[in-house]
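> Starting off with a structure, shown below.
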Amino acid sequence: MSDLPAPEPIRPLGRSGMSVSSVAWGMWRFGGEDLASAQKLVETALEAGVTLFDTADIYGPSDLGGFGVAESQLGRVLEASPGLRRRMVLATKGGIVFGTPYNSSAAYLASAIDASLKRMQVDRIDLWQIHRPDILTHPGEIARALEEAHRAGKIAAIGVSNYTAAQTQGLAACLNLPIVSHQPEFSALKLDPLQDGILDQAIMNDMAVLAWSPLAGGRLALPQDERARAVVGLFDAKAEQAGVFRTAVALSWLMVHPARTIPIVGTQNLDRIREIPQAYLPRWSRQEWYAVLVASRGERLP
């Protein structure tokens with residue numbers, strides 16, 4: 001059996017002109033540690049080969065207030081060690097408003113971008129993403145706000161998160177800039193992007209795909225049902241064959257798709273961060289890859 005092409009450690013971030021690591025580090029639980037510990041997390045991710053750092057204005061431990069905590073903590077790290085900024089591609093998101101819940105009006109997006117820049121103590125955000133679609137704002141209004149932020153040098157590239165393919169197409173039709181990335185939920189137990197047109201659109205338009213919750217919210221670590229146990233059984237066999245941990249196999253299964261998915265690893269454990277390069281080691285045949293898909297679907301492919 002011939003192997004599928006192995007993912008490269010570095011890949012283009014869509015049509016942004018930037019190159020990034022093929023695994024990203026996510027910061028939704030970042031912010032509860034002291035400054036030295038926070039800096040160690042960032043440095044460990046960089047040492048593991050990660051260059052794409054993904055956060056959002058709403059990220060951070062809820063007991064510390066949640067909104068703005070992760071970005072503010074990252075800002076303190078970058079203030080203490082400015083050289084770290086030059087080694088990373090910085091991605092963040094905005095557009096979720098607690099209690100609303102979504103606001104992508106031009107005025108709000110402009111204020112959200114400015115607030116993120118201030119919290120992170122940076123002059124530019126490399127990838128700014130609309131966190132969730134606001135169906136009450138016309139995509140033309142969104143486009144004008146993003147284009148203005150781009151002209152001002154505040155953001156280098158634009159992405160979308162949790163958008164449908166149709167919503168992305170609608171926004172793209174109003175923009176004079178490319179949408180360089182999608183960020184859907186995608187794992188071996190959350191297969192929607194394989195079926196709803198997101199990965200197809202990404203390939204067609206040369207967009208990067210950043211997968212959030214690539215370990216299915218812990219269900220691949222602690223499988224609770226027959227479906228998850230079937231997938232984990234196949235992953236464990238591959239892990240033994242490749243000499244890696246199960247998590248590396250789960251990431252690699254996503255990465256060999258021709259959309260070249262970039263999984264976002266959200267662990268705050270230093271040892272788990274150091275294991276990220278293991279995701280490049282497993283080799284998949286078509287038969288093995290499809291066996292995982294069938295196990296997750298719970299039925300044979302047509």
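Lettering and numbering for the structure tokens are positional, with chains as A, B, ... in the shown order, residues counted from 1 in each chain, and ligands counted from 1 in the shown order.
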Using backbone DSSP assignments, extract all strand (DSSP E or B) residues from stretch 27-207 of chain A; output them as a short mmCIF file (atom, residue, chain, number, x, y, z; two decimals) with N, CA and C atoms, in the first residue's frame.

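Saved result, result-v3.cif, follows:
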data_model
loop_
_atom_site.label_atom_id
_atom_site.label_comp_id
_atom_site.auth_asym_id
_atom_site.auth_seq_id
_atom_site.Cartn_x
_atom_site.Cartn_y
_atom_site.Cartn_z
N LEU A 52 2.40 29.58 14.22
CA LEU A 52 1.06 30.16 14.14
C LEU A 52 0.39 30.10 15.51
N PHE A 53 0.11 31.26 16.08
CA PHE A 53 -0.50 31.37 17.40
C PHE A 53 -1.90 31.95 17.22
N ASP A 54 -2.91 31.22 17.68
CA ASP A 54 -4.30 31.60 17.46
C ASP A 54 -4.98 31.94 18.78
N VAL A 89 3.47 34.12 13.77
CA VAL A 89 2.37 34.68 12.98
C VAL A 89 1.18 34.74 13.93
N LEU A 90 0.71 35.93 14.18
CA LEU A 90 -0.27 36.17 15.23
C LEU A 90 -1.67 36.26 14.65
N ALA A 91 -2.53 35.38 15.10
CA ALA A 91 -3.92 35.34 14.64
C ALA A 91 -4.86 35.58 15.82
N THR A 92 -5.87 36.40 15.62
CA THR A 92 -6.89 36.56 16.64
C THR A 92 -8.25 36.69 15.96
N LYS A 93 -9.28 36.79 16.77
CA LYS A 93 -10.66 36.80 16.27
C LYS A 93 -11.49 37.79 17.06
N GLY A 94 -12.57 38.25 16.45
CA GLY A 94 -13.49 39.13 17.14
C GLY A 94 -14.87 39.02 16.51
N ILE A 96 -17.73 38.27 18.63
CA ILE A 96 -18.63 37.71 19.63
C ILE A 96 -18.77 38.73 20.76
N TYR A 102 -23.66 38.21 18.65
CA TYR A 102 -22.71 38.48 17.57
C TYR A 102 -22.90 39.90 17.05
N ILE A 125 -1.95 42.86 13.43
CA ILE A 125 -2.40 41.48 13.59
C ILE A 125 -2.20 40.79 12.25
N ASP A 126 -1.50 39.67 12.24
CA ASP A 126 -1.19 39.00 10.97
C ASP A 126 -2.43 38.40 10.32
N LEU A 127 -3.27 37.77 11.12
CA LEU A 127 -4.51 37.18 10.61
C LEU A 127 -5.63 37.56 11.55
N TRP A 128 -6.57 38.36 11.05
CA TRP A 128 -7.74 38.70 11.86
C TRP A 128 -8.95 37.98 11.29
N GLN A 129 -9.69 37.28 12.18
CA GLN A 129 -10.79 36.43 11.76
C GLN A 129 -12.10 36.87 12.41
N ILE A 130 -13.18 36.86 11.64
CA ILE A 130 -14.50 37.04 12.22
C ILE A 130 -14.85 35.75 12.94
N ILE A 155 -4.31 45.12 10.18
CA ILE A 155 -4.41 43.68 9.94
C ILE A 155 -3.74 43.37 8.60
N ALA A 156 -3.06 42.23 8.53
CA ALA A 156 -2.37 41.85 7.30
C ALA A 156 -3.22 40.95 6.42
N ALA A 157 -4.06 40.12 7.02
CA ALA A 157 -4.87 39.17 6.26
C ALA A 157 -6.18 38.92 7.00
N ILE A 158 -7.16 38.41 6.24
CA ILE A 158 -8.52 38.21 6.75
C ILE A 158 -8.89 36.74 6.68
N GLY A 159 -9.53 36.26 7.75
CA GLY A 159 -10.05 34.90 7.76
C GLY A 159 -11.44 34.88 8.37
N VAL A 160 -12.09 33.73 8.27
CA VAL A 160 -13.41 33.55 8.87
C VAL A 160 -13.39 32.30 9.75
N SER A 161 -14.23 32.32 10.75
CA SER A 161 -14.32 31.22 11.71
C SER A 161 -15.79 30.85 11.88
N ILE A 179 -10.03 36.17 1.26
CA ILE A 179 -10.23 35.52 2.55
C ILE A 179 -9.25 34.35 2.57
N VAL A 180 -8.28 34.40 3.46
CA VAL A 180 -7.17 33.46 3.36
C VAL A 180 -7.38 32.20 4.18
N SER A 181 -8.39 32.18 5.07
CA SER A 181 -8.53 31.00 5.94
C SER A 181 -9.96 30.80 6.41
N HIS A 182 -10.26 29.53 6.62
CA HIS A 182 -11.44 29.08 7.34
C HIS A 182 -10.99 28.56 8.70
N GLN A 183 -11.86 28.68 9.71
CA GLN A 183 -11.60 28.01 10.99
C GLN A 183 -12.87 27.28 11.44
N GLU A 185 -14.81 23.76 13.24
CA GLU A 185 -14.57 22.62 14.13
C GLU A 185 -14.39 21.39 13.26
N SER A 187 -12.60 17.32 13.43
CA SER A 187 -11.85 16.23 14.06
C SER A 187 -12.35 14.92 13.48
N LYS A 190 -15.86 14.90 14.32
CA LYS A 190 -16.65 16.03 13.83
C LYS A 190 -16.29 16.23 12.36
#
> I'd like the contact shell of A:Leu281 - 9 Å cut-off, only C-alpha atoms, skipping same-chain residues fewer than 3 positions apart - returned as a PyMOL selection string.
chain A and resi 6+242-244+248-249+252+277-278
> May I have the residues within 10 Å of A:Gly233 as a tab-separated table (two decimals) with N, CA and C atoms, in the first residue's frame, using only C-alpha atoms and disregarding those fewer than 3 positions away in the same chain?

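Result file is part.tsv:
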chain	number	residue	atom	x	y	z
A	223	PRO	N	-12.68	8.18	25.24
A	223	PRO	CA	-13.86	7.83	24.44
A	223	PRO	C	-14.99	7.31	25.32
A	228	ALA	N	-16.68	6.51	19.24
A	228	ALA	CA	-15.37	7.05	19.62
A	228	ALA	C	-14.38	5.93	19.90
A	229	ARG	N	-14.83	4.86	20.53
A	229	ARG	CA	-13.92	3.75	20.81
A	229	ARG	C	-13.44	3.08	19.53
A	230	ALA	N	-14.29	3.02	18.52
A	230	ALA	CA	-13.87	2.43	17.24
A	230	ALA	C	-12.78	3.27	16.59
A	236	ASP	N	-4.97	4.03	17.96
A	236	ASP	CA	-3.98	3.40	18.82
A	236	ASP	C	-3.10	2.42	18.04
A	237	ALA	N	-3.69	1.73	17.09
A	237	ALA	CA	-2.90	0.83	16.26
A	237	ALA	C	-1.89	1.61	15.44
A	238	LYS	N	-2.31	2.72	14.89
A	238	LYS	CA	-1.40	3.56	14.12
A	238	LYS	C	-0.34	4.18	15.03
A	239	ALA	N	-0.71	4.57	16.24
A	239	ALA	CA	0.24	5.15	17.18
A	239	ALA	C	1.34	4.15	17.53
A	246	ARG	N	-1.30	8.89	20.78
A	246	ARG	CA	-2.57	8.91	20.06
A	246	ARG	C	-2.91	10.29	19.54
A	292	VAL	N	-10.76	4.93	9.23
A	292	VAL	CA	-11.12	5.84	10.32
A	292	VAL	C	-12.41	6.58	9.98
A	295	ALA	N	-15.31	4.27	10.46
A	295	ALA	CA	-15.57	4.03	11.89
A	295	ALA	C	-16.29	5.22	12.50
> Please identify all polymer residues within 9 Å of A:Val23, counting only C-alpha atoms, omitting same-chain residues fewer than 2 positions from it, and present them as a list in words.
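What passes the distance filter is Pro9, Ile10, Val20, Ser21, Trp25, Gly49, Val50, Thr51, Leu52, Leu210, Leu251, Met255, Thr261, Ile262, Pro263, Ile264, Val265, Ile276, Pro277 and Ala279 of chain A.
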> Looking only at the backbone, which of the residues in stretch 123-238 of chain A does DSSP tag as helix (DSSP H, G or I), as number ranges by chain?
A: 139-151, 165-174, 192-195, 198-205, 216-218, 226-238
